[in-house]
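Colleague: So here's query-v3.txt, just compact mmCIF, C-alpha atoms and all ligand atoms:
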```
# COMPACT_ATOMS: atom_id res chain seq x y z
CA MET A 1 0.00 0.00 0.00
CA LYS A 2 2.81 2.37 0.99
CA ARG A 3 4.43 1.70 -2.37
CA ILE A 4 1.23 2.46 -4.22
CA VAL A 5 0.83 5.73 -2.32
CA THR A 6 4.47 6.65 -3.09
CA CYS A 7 3.96 5.86 -6.77
CA PHE A 8 0.78 7.83 -6.82
CA THR A 9 2.48 10.80 -5.10
CA LEU A 10 5.39 10.60 -7.53
CA ALA A 11 3.01 10.52 -10.48
CA LEU A 12 1.19 13.54 -9.07
CA LEU A 13 4.47 15.40 -8.50
CA THR A 14 5.59 14.62 -12.03
CA LEU A 15 2.28 15.83 -13.38
CA GLN A 16 2.61 18.94 -11.27
CA ALA A 17 6.15 19.47 -12.55
CA CYS A 18 4.96 19.08 -16.14
CA LYS A 19 2.26 21.62 -15.49
CA GLN A 20 4.53 24.09 -13.74
CA ASN A 21 7.68 23.94 -15.80
CA PRO A 22 6.46 25.54 -19.00
CA SER A 23 5.19 28.58 -17.12
CA GLU A 24 8.29 28.76 -14.90
CA ASN A 25 10.60 28.54 -17.89
CA SER A 26 8.74 30.96 -20.10
CA SER A 27 10.68 34.15 -19.85
CA ALA A 28 8.10 36.90 -19.88
CA LYS A 29 4.56 35.62 -19.42
CA SER A 30 3.09 37.48 -16.51
CA GLU A 31 -0.24 35.63 -16.74
CA ASN A 32 1.44 32.38 -15.60
CA THR A 33 4.00 33.79 -13.17
CA MET A 34 1.11 35.14 -11.11
CA ASP A 35 0.47 31.53 -10.01
CA ILE A 36 3.97 30.88 -8.66
CA ALA A 37 3.51 30.21 -4.93
CA VAL A 38 5.92 31.47 -2.30
CA SER A 39 7.22 29.04 0.33
CA GLY A 40 9.23 29.03 3.56
CA ASP A 41 10.13 31.93 5.81
CA ALA A 42 10.47 35.50 4.59
CA ILE A 43 14.02 36.64 3.84
CA ASN A 44 15.61 40.08 4.11
CA GLN A 45 17.16 41.75 1.08
CA SER A 46 20.84 42.26 1.89
CA ILE A 47 22.14 45.80 1.54
CA VAL A 48 25.31 46.00 -0.54
CA ASN A 49 26.80 49.28 -1.76
CA PRO A 50 27.38 49.84 -5.49
CA PRO A 51 29.28 48.87 -7.60
CA MET A 52 28.75 45.59 -5.77
CA LEU A 53 25.38 43.86 -5.45
CA PRO A 54 23.69 40.98 -3.64
CA ALA A 55 24.67 37.39 -4.55
CA PRO A 56 22.86 35.53 -7.36
CA ILE A 57 19.48 33.96 -6.51
CA GLY A 58 20.30 30.59 -8.10
CA ASP A 59 17.49 28.05 -8.16
CA ARG A 60 15.79 28.91 -4.86
CA ALA A 61 11.99 28.75 -4.72
CA ALA A 62 9.92 31.93 -4.75
CA LYS A 63 9.74 33.59 -1.33
CA LYS A 64 8.52 36.60 0.51
CA VAL A 65 11.37 39.15 0.51
CA VAL A 66 11.53 42.12 2.86
CA VAL A 67 13.25 45.13 1.30
CA ARG A 68 14.13 48.25 3.29
CA LEU A 69 14.90 51.57 1.64
CA GLU A 70 15.50 54.83 3.47
CA ALA A 71 15.12 58.15 1.65
CA THR A 72 17.80 60.64 2.69
CA GLU A 73 18.88 64.17 1.79
CA GLU A 74 22.58 64.56 2.42
CA VAL A 75 25.63 66.42 1.17
CA GLY A 76 28.24 64.31 -0.62
CA GLU A 77 31.03 64.62 -3.14
CA LEU A 78 30.03 65.05 -6.80
CA ALA A 79 33.55 65.67 -8.13
CA ASP A 80 36.96 66.56 -6.72
CA GLY A 81 36.31 69.55 -4.41
CA VAL A 82 32.67 69.75 -5.54
CA THR A 83 29.84 68.88 -3.17
CA TYR A 84 26.11 68.57 -3.74
CA LYS A 85 23.03 67.82 -1.63
CA PHE A 86 22.04 64.41 -2.96
CA TRP A 87 18.65 62.81 -2.36
CA THR A 88 19.18 59.06 -2.08
CA PHE A 89 17.83 55.63 -1.33
CA ASN A 90 19.97 54.15 1.49
CA SER A 91 22.59 56.95 1.23
CA THR A 92 24.10 55.83 -2.10
CA VAL A 93 23.64 56.88 -5.73
CA PRO A 94 22.42 54.66 -7.23
CA GLY A 95 20.36 53.21 -4.35
CA THR A 96 20.61 49.66 -3.02
CA PHE A 97 20.44 47.00 -5.75
CA ILE A 98 17.32 44.89 -5.19
CA ARG A 99 17.74 41.28 -6.32
CA ILE A 100 14.73 38.95 -6.37
CA ARG A 101 13.27 36.21 -8.57
CA VAL A 102 10.08 35.98 -10.56
CA GLY A 103 7.18 35.00 -8.29
CA ASP A 104 8.74 36.57 -5.19
CA GLU A 105 6.42 38.66 -3.05
CA VAL A 106 8.17 41.82 -1.92
CA GLU A 107 7.30 43.63 1.29
CA LEU A 108 8.86 47.02 0.67
CA HIS A 109 9.47 49.34 3.61
CA VAL A 110 10.15 52.91 2.54
CA THR A 111 11.22 55.18 5.36
CA ASN A 112 12.01 58.87 5.04
CA ARG A 113 14.78 59.99 7.39
CA SER A 114 13.64 62.46 10.03
CA ASP A 115 16.06 65.18 8.87
CA SER A 116 14.55 65.21 5.34
CA VAL A 117 12.72 68.29 4.10
CA MET A 118 10.73 66.67 1.27
CA PRO A 119 8.27 63.77 1.08
CA HIS A 120 9.59 60.86 -1.04
CA ASN A 121 8.24 57.66 -2.56
CA ILE A 122 9.24 54.92 -5.01
CA ASP A 123 8.10 53.92 -8.50
CA LEU A 124 9.57 50.52 -9.40
CA HIS A 125 9.41 49.67 -13.10
CA ALA A 126 9.24 45.99 -12.05
CA VAL A 127 5.78 46.53 -10.52
CA ASN A 128 2.44 45.84 -12.22
CA GLY A 129 0.10 48.47 -10.80
CA PRO A 130 -0.62 52.21 -10.94
CA GLY A 131 2.44 54.39 -10.51
CA GLY A 132 4.67 51.38 -9.86
CA GLY A 133 4.00 51.83 -6.16
CA ALA A 134 4.51 55.60 -5.98
CA GLU A 135 1.19 56.51 -4.41
CA ALA A 136 1.32 53.59 -2.00
CA THR A 137 4.73 54.66 -0.72
CA ASN A 138 4.41 58.44 -0.38
CA VAL A 139 6.12 59.11 2.91
CA ALA A 140 6.70 62.28 4.94
CA PRO A 141 9.95 62.91 6.84
CA GLY A 142 10.27 60.62 9.86
CA LYS A 143 7.54 58.25 8.60
CA GLU A 144 7.38 54.78 7.05
CA ALA A 145 5.25 53.32 4.24
CA ILE A 146 4.86 49.59 3.56
CA PHE A 147 3.89 48.27 0.15
CA ASN A 148 3.57 44.69 -1.17
CA PHE A 149 3.98 43.55 -4.75
CA LYS A 150 4.52 40.29 -6.61
CA ALA A 151 7.25 40.19 -9.27
CA LEU A 152 5.60 38.89 -12.45
CA ASN A 153 8.09 39.81 -15.18
CA PRO A 154 11.74 38.78 -15.13
CA GLY A 155 14.21 41.48 -16.18
CA LEU A 156 16.36 44.37 -15.02
CA TYR A 157 14.34 47.43 -14.04
CA VAL A 158 14.90 50.99 -12.84
CA TYR A 159 13.31 52.28 -9.66
CA HIS A 160 13.14 55.96 -8.79
CA CYS A 161 11.43 58.47 -6.58
CA ALA A 162 8.30 59.90 -8.19
CA ALA A 163 7.34 62.52 -5.62
CA ALA A 164 6.63 65.99 -6.97
CA PRO A 165 8.47 67.61 -8.60
CA VAL A 166 9.55 64.28 -10.14
CA PRO A 167 12.43 65.64 -12.28
CA LEU A 168 14.09 67.20 -9.23
CA HIS A 169 13.96 63.98 -7.20
CA ILE A 170 15.54 62.02 -10.05
CA ALA A 171 18.08 64.76 -10.85
CA ASN A 172 19.20 64.69 -7.21
CA GLY A 173 20.02 60.98 -7.35
CA MET A 174 16.91 59.06 -6.29
CA TYR A 175 17.17 55.98 -8.53
CA GLY A 176 18.49 52.44 -8.54
CA LEU A 177 18.01 49.00 -10.11
CA ILE A 178 15.85 46.01 -9.29
CA LEU A 179 16.68 42.67 -10.91
CA VAL A 180 13.95 40.05 -11.23
CA GLU A 181 15.74 36.82 -12.07
CA PRO A 182 13.97 34.17 -14.15
CA ALA A 183 13.14 30.82 -12.50
CA GLY A 184 16.41 28.91 -12.12
CA GLY A 185 18.47 32.12 -12.09
CA LEU A 186 20.84 33.71 -14.59
CA PRO A 187 23.78 31.76 -16.06
CA LYS A 188 26.83 31.80 -13.79
CA VAL A 189 29.56 34.37 -14.47
CA ASP A 190 32.82 35.20 -12.67
CA ARG A 191 32.13 38.85 -11.77
CA GLU A 192 29.09 41.05 -11.49
CA TYR A 193 29.01 44.83 -11.12
CA TYR A 194 26.31 47.47 -10.68
CA VAL A 195 26.77 50.60 -12.80
CA MET A 196 24.21 53.36 -13.18
CA GLN A 197 24.45 56.52 -15.23
CA GLY A 198 22.87 59.81 -14.21
CA GLU A 199 23.11 63.54 -14.91
CA PHE A 200 23.56 66.43 -12.49
CA TYR A 201 22.62 70.03 -13.17
CA THR A 202 24.51 72.59 -11.08
CA LYS A 203 24.57 76.40 -11.03
CA GLY A 204 28.35 76.36 -11.28
CA LYS A 205 30.32 75.07 -14.27
CA THR A 206 31.75 71.55 -14.43
CA ASP A 207 34.39 71.15 -11.69
CA GLU A 208 33.61 74.53 -10.12
CA LYS A 209 34.55 74.00 -6.47
CA GLY A 210 32.34 74.18 -3.42
CA LEU A 211 28.75 73.23 -2.58
CA GLN A 212 26.74 73.40 -5.79
CA GLU A 213 23.05 74.13 -6.12
CA PHE A 214 20.62 72.51 -8.55
CA ASP A 215 20.03 74.54 -11.73
CA GLN A 216 16.41 74.19 -12.92
CA ASP A 217 17.04 75.94 -16.29
CA LYS A 218 19.85 73.56 -17.20
CA GLY A 219 17.60 70.67 -16.25
CA VAL A 220 14.75 71.86 -18.46
CA ASP A 221 17.19 72.56 -21.31
CA GLU A 222 18.70 69.06 -20.89
CA ARG A 223 22.15 70.65 -20.56
CA PRO A 224 23.83 68.72 -17.74
CA THR A 225 26.91 69.96 -15.92
CA TYR A 226 27.86 66.39 -15.08
CA VAL A 227 27.11 63.01 -16.61
CA VAL A 228 28.47 60.34 -14.28
CA PHE A 229 28.44 56.69 -13.34
CA ASN A 230 27.41 55.82 -9.77
CA GLY A 231 26.66 59.33 -8.59
CA LYS A 232 30.07 60.90 -8.79
CA LYS A 233 32.76 61.89 -11.25
CA ASN A 234 35.48 59.19 -11.16
CA ALA A 235 33.36 56.87 -8.97
CA LEU A 236 34.80 53.94 -10.95
CA MET A 237 38.32 55.26 -11.57
CA GLY A 238 41.71 54.89 -9.84
CA ALA A 239 41.44 52.91 -6.61
CA ASN A 240 37.71 52.43 -7.29
CA ALA A 241 38.17 50.85 -10.73
CA LEU A 242 36.36 47.57 -11.33
CA GLU A 243 38.52 44.45 -11.54
CA ALA A 244 38.68 41.18 -13.45
CA LYS A 245 41.20 38.53 -14.45
CA VAL A 246 42.03 37.30 -17.96
CA GLY A 247 39.69 34.46 -18.90
CA GLU A 248 36.85 35.61 -16.65
CA THR A 249 33.36 36.51 -17.77
CA VAL A 250 32.10 39.84 -16.48
CA ARG A 251 28.47 40.90 -16.19
CA PHE A 252 27.44 44.53 -15.76
CA PHE A 253 23.96 45.46 -14.65
CA VAL A 254 23.71 48.90 -16.22
CA GLY A 255 20.97 51.40 -15.57
CA ASN A 256 20.27 54.92 -16.66
CA GLY A 257 18.54 57.13 -14.14
CA GLY A 258 18.57 60.08 -16.54
CA PRO A 259 16.66 62.28 -15.88
CA ASN A 260 17.08 63.35 -19.53
CA LEU A 261 19.80 61.68 -21.60
CA VAL A 262 19.98 58.37 -23.45
CA SER A 263 23.25 56.54 -22.81
CA SER A 264 25.40 54.98 -25.55
CA PHE A 265 27.05 52.49 -23.24
CA HIS A 266 30.42 51.17 -24.40
CA VAL A 267 33.58 49.55 -23.03
CA ILE A 268 36.63 50.65 -25.00
CA GLY A 269 38.56 47.60 -26.24
CA GLU A 270 35.84 45.07 -25.55
CA ILE A 271 32.81 43.66 -27.33
CA PHE A 272 29.71 42.65 -25.40
CA ASP A 273 29.36 38.91 -26.08
CA ARG A 274 25.77 39.15 -24.89
CA VAL A 275 23.38 42.02 -24.20
CA TYR A 276 20.01 41.49 -22.56
CA VAL A 277 18.43 44.18 -24.70
CA GLU A 278 16.74 46.89 -22.62
CA GLY A 279 17.13 44.61 -19.59
CA GLY A 280 14.49 42.23 -20.96
CA SER A 281 14.60 38.59 -21.99
CA LYS A 282 15.89 39.04 -25.53
CA ILE A 283 19.64 38.49 -25.95
CA ASN A 284 21.67 40.17 -28.67
CA GLU A 285 25.23 39.03 -29.35
CA ASN A 286 28.48 40.73 -30.38
CA VAL A 287 27.47 44.29 -29.58
CA GLN A 288 29.87 47.27 -29.53
CA THR A 289 27.63 49.94 -27.98
CA THR A 290 24.22 49.49 -26.45
CA VAL A 291 21.60 52.20 -26.07
CA ILE A 292 20.16 52.59 -22.58
CA PRO A 293 17.22 54.98 -22.38
CA ALA A 294 16.55 57.24 -19.43
CA GLY A 295 14.55 55.08 -17.06
CA GLY A 296 15.89 51.93 -18.70
CA ALA A 297 18.57 49.28 -18.23
CA ALA A 298 20.63 46.58 -19.92
CA ILE A 299 22.62 43.56 -18.83
CA VAL A 300 25.93 43.21 -20.68
CA GLU A 301 28.32 40.25 -20.51
CA PHE A 302 31.77 39.78 -21.93
CA LYS A 303 34.82 37.57 -21.46
CA VAL A 304 38.11 39.42 -20.96
CA GLU A 305 40.94 37.93 -23.01
CA GLU A 306 43.80 40.43 -22.57
CA PRO A 307 45.21 42.28 -19.51
CA GLY A 308 45.03 46.06 -19.38
CA ASN A 309 42.78 48.98 -18.57
CA TYR A 310 39.38 49.04 -20.25
CA ILE A 311 37.60 52.38 -20.21
CA ILE A 312 33.84 52.36 -19.61
CA VAL A 313 32.06 55.29 -21.29
CA ASP A 314 28.91 56.86 -22.57
CA HIS A 315 30.11 57.04 -26.18
CA SER A 316 28.47 60.44 -26.57
CA ILE A 317 32.05 61.15 -25.89
CA PHE A 318 32.20 64.71 -24.53
CA ARG A 319 30.12 63.36 -21.68
CA ALA A 320 32.87 60.84 -20.95
CA PHE A 321 35.93 63.05 -21.16
CA ASN A 322 34.43 66.38 -20.07
CA LYS A 323 31.42 65.65 -17.89
CA GLY A 324 32.47 62.51 -16.04
CA ALA A 325 30.75 59.52 -17.70
CA ILE A 326 33.90 57.44 -17.51
CA GLY A 327 34.98 54.42 -15.49
CA MET A 328 37.61 51.70 -15.66
CA LEU A 329 37.80 47.93 -15.64
CA LYS A 330 41.32 46.74 -14.70
CA VAL A 331 42.10 43.33 -16.12
CA THR A 332 45.14 41.44 -14.81
CA GLY A 333 46.70 38.20 -16.03
CA GLU A 334 48.79 36.69 -18.80
CA LYS A 335 49.16 38.53 -22.09
CA ASN A 336 47.84 36.76 -25.14
CA PRO A 337 49.82 37.91 -28.23
CA LYS A 338 47.66 35.80 -30.54
CA ILE A 339 44.71 38.08 -29.72
CA TYR A 340 46.44 41.42 -29.21
CA ASN A 341 50.03 42.25 -30.10
CA LYS A 342 51.97 45.43 -30.88
CA VAL A 343 54.59 44.45 -33.47
CA GLN A 344 56.74 47.55 -33.66
CU CU B 1 12.19 61.77 -3.58
```
Translate this file's structure into structure tokens.
Ligand SMILES: [Cu+2]

Modeller:
Amino acid sequence: MKRIVTCFTLALLTLQACKQNPSENSSAKSENTMDIAVSGDAINQSIVNPPMLPAPIGDRAAKKVVVRLEATEEVGELADGVTYKFWTFNSTVPGTFIRIRVGDEVELHVTNRSDSVMPHNIDLHAVNGPGGGAEATNVAPGKEAIFNFKALNPGLYVYHCAAAPVPLHIANGMYGLILVEPAGGLPKVDREYYVMQGEFYTKGKTDEKGLQEFDQDKGVDERPTYVVFNGKKNALMGANALEAKVGETVRFFVGNGGPNLVSSFHVIGEIFDRVYVEGGSKINENVQTTVIPAGGAAIVEFKVEEPGNYIIVDHSIFRAFNKGAIGMLKVTGEKNPKIYNKVQ
């Protein structure tokens, strides 16, 4: 009898698996992912500062995930000798990288630090529902809002503050990325980094020293004083350069907070072996430069074959060399003259 029950259970499980797998494996069908059940205890989203990010999800089952973001208004460095009053999520620009899987149910706690002047909220492009959560999370200084959503569509998405006036909140640095991994996770790579482009509009000229104020006219005219990666000129240069070793595969999660410009994202001396176009499920191969719209994202992957310094740019190139949209990937290891060789 026990054997019969076991067989019957196995048959049921197999049936169940057959029924579930197609929907779990389909990359973008929100109508089926709605039925993915969460199991086990809730987990907390770990908070890791950019350019690093939380560890891959792998093949864990869908869960309830508690995410905590704190809106802050605080002075930080925008360039050498230049400071600015940034508005942030968790005190970094971009804000904390949120990493979940399709089917996860997120309990999002948005607090607004008590020394803030403005109300803040969050619109996550990974959310299905009005405003992406903005209205549900409007929060005054010193208060907390809690909002639940279920992640239906896998992909890499921007989140940002959408409190009025929206352009100001984004221009001051209130944006970040949320990755919704497909069932089973993303393919394994050796290194992952979190890079997000954004513009800053200051009264003073580029590199003019001191505390700089926001310039509304420059913002409206789409004439940024700075275009930077990760909230600061040279955030990914010198001692803060990204690193990899020859033979490794590198994955960048790249976002563009805007508020205005479209990025022509490029790594000088490399070719993207794979690009998840616009952060979605479609993969393009052998790409030199990928377009990342304001409020959009892309996942790029490439294997590094030769040691040296690889410059990361917005290939609208004045932005890179004059306004700050420049970073570096330092690759160490054995030279490979078959691939790259100066003869004379
Ligand atoms: Cu805000």

Colleague: Please return as a PyMOL selection string the residues found within 8 Å of ligand CU 1 (chain B), counting all atoms listed in the file.

Modeller: chain A and resi 71+87-88+118-122+160-164+166+169-170+174

Colleague: Go through A:Thr202, A:Asn230, A:Asn44, A:Asn148 one by one, measure the shortest atom-to-atom distance of each to Ala136 in chain A using all atoms listed in the file, and give the residue with the smallest value.

Modeller: A:Asn148

Colleague: Report as a list of chain:residue names all protein, DNA and RNA residues lying within 10 Å of Gly258 in chain A, evaluated on only C-alpha atoms, omitting residues in the same chain fewer than 6 positions from it.

Modeller: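 So the residues in contact are A:Pro167, A:Ile170, A:Ala171, A:Gly173, A:Tyr175, A:Met196, A:Gln197, A:Gly198, A:Glu199, A:Phe200, A:Glu222, A:Val227, A:Ile292, A:Pro293, A:Ala294, A:Gly295, A:Gly296.
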
Colleague: Mind giving me the straight-line distance from CA of Asp35 in chain A to CA of Gly103 in chain A in Å, one decimal?

Modeller: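 Distance between the two atoms: 7.7 Å.
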
Colleague: Using CA of Ala235 in chain A and CA of Gly81 in chain A as the two end points, give the distance in Å to one decimal.

Modeller: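 CA of Gly81 in chain A lies at a distance of 13.8 Å from CA of Ala235 in chain A.
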
Colleague: Given all atoms listed in the file as the basis, pick out the residue of A:Lys323, A:Lys232, A:Lys245, A:Lys335 nearest to Pro94 in chain A.

Modeller: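 Going through A:Lys323, A:Lys232, A:Lys245, A:Lys335 one by one, the smallest distance to Pro94 in chain A is for A:Lys232.
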
Colleague: Can you measure CA of Leu179 in chain A to CA of Val65 in chain A for me? One decimal in Å is fine.

Modeller: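 These atoms are spaced 13.1 Å apart.
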
Colleague: As a PDB file with C-alpha atoms, in the frame of the given file, please: the residues near Phe318 in chain A (cut-off 12 Å, all atoms listed in the file, same-chain neighbours under 5 positions excluded).

Modeller:
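This went into part27.pdb:
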```pdb
ATOM      1  CA  PRO A 224      23.830  68.720 -17.740  1.00  0.00           C
ATOM      2  CA  THR A 225      26.910  69.960 -15.920  1.00  0.00           C
ATOM      3  CA  TYR A 226      27.860  66.390 -15.080  1.00  0.00           C
ATOM      4  CA  VAL A 227      27.110  63.010 -16.610  1.00  0.00           C
ATOM      5  CA  VAL A 228      28.470  60.340 -14.280  1.00  0.00           C
ATOM      6  CA  SER A 264      25.400  54.980 -25.550  1.00  0.00           C
ATOM      7  CA  VAL A 313      32.060  55.290 -21.290  1.00  0.00           C
ATOM      8  CA  LYS A 323      31.420  65.650 -17.890  1.00  0.00           C
ATOM      9  CA  GLY A 324      32.470  62.510 -16.040  1.00  0.00           C
ATOM     10  CA  ALA A 325      30.750  59.520 -17.700  1.00  0.00           C
ATOM     11  CA  ILE A 326      33.900  57.440 -17.510  1.00  0.00           C
TER      12      ILE A 326
END
```

Colleague: Taking all atoms listed in the file into account, name the residue in A:Ile283, A:Ala151, A:Pro337, A:Lys63 that is nearest to Gly40 in chain A.

Modeller: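 Using all atoms listed in the file, Gly40 in chain A sits closest to A:Lys63.
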
Colleague: Can you work out which one of A:Arg251, A:His266, A:Lys64, A:Arg101 has the shortest atom-to-atom distance to Asn153 in chain A, counting all atoms listed in the file?

Modeller: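 Counting all atoms listed in the file, the residue closest to Asn153 in chain A is A:Arg101.
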
Colleague: Do you know which residues are at most 10 Å from Arg68 in chain A counting only C-alpha atoms, after dropping those on the same chain fewer than 5 positions away, and could you put them as a PyMOL selection string?

Modeller: chain A and resi 44-47+89-90+96+98+107-111+146

Colleague: Looking at only C-alpha atoms, which of A:Lys188, A:Lys143, A:Arg274, A:Lys85 is the one that sits closest to Glu301 in chain A?

Modeller: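 Smallest distance to Glu301 in chain A is found for A:Arg274.
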
Colleague: Taking into account all atoms listed in the file, which residue in the set A:Gly95, A:Pro165, A:Gly255, A:Pro51 is nearest to Glu278 in chain A?

Modeller: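 With all atoms listed in the file as the atom set, the closest residue is A:Gly255.
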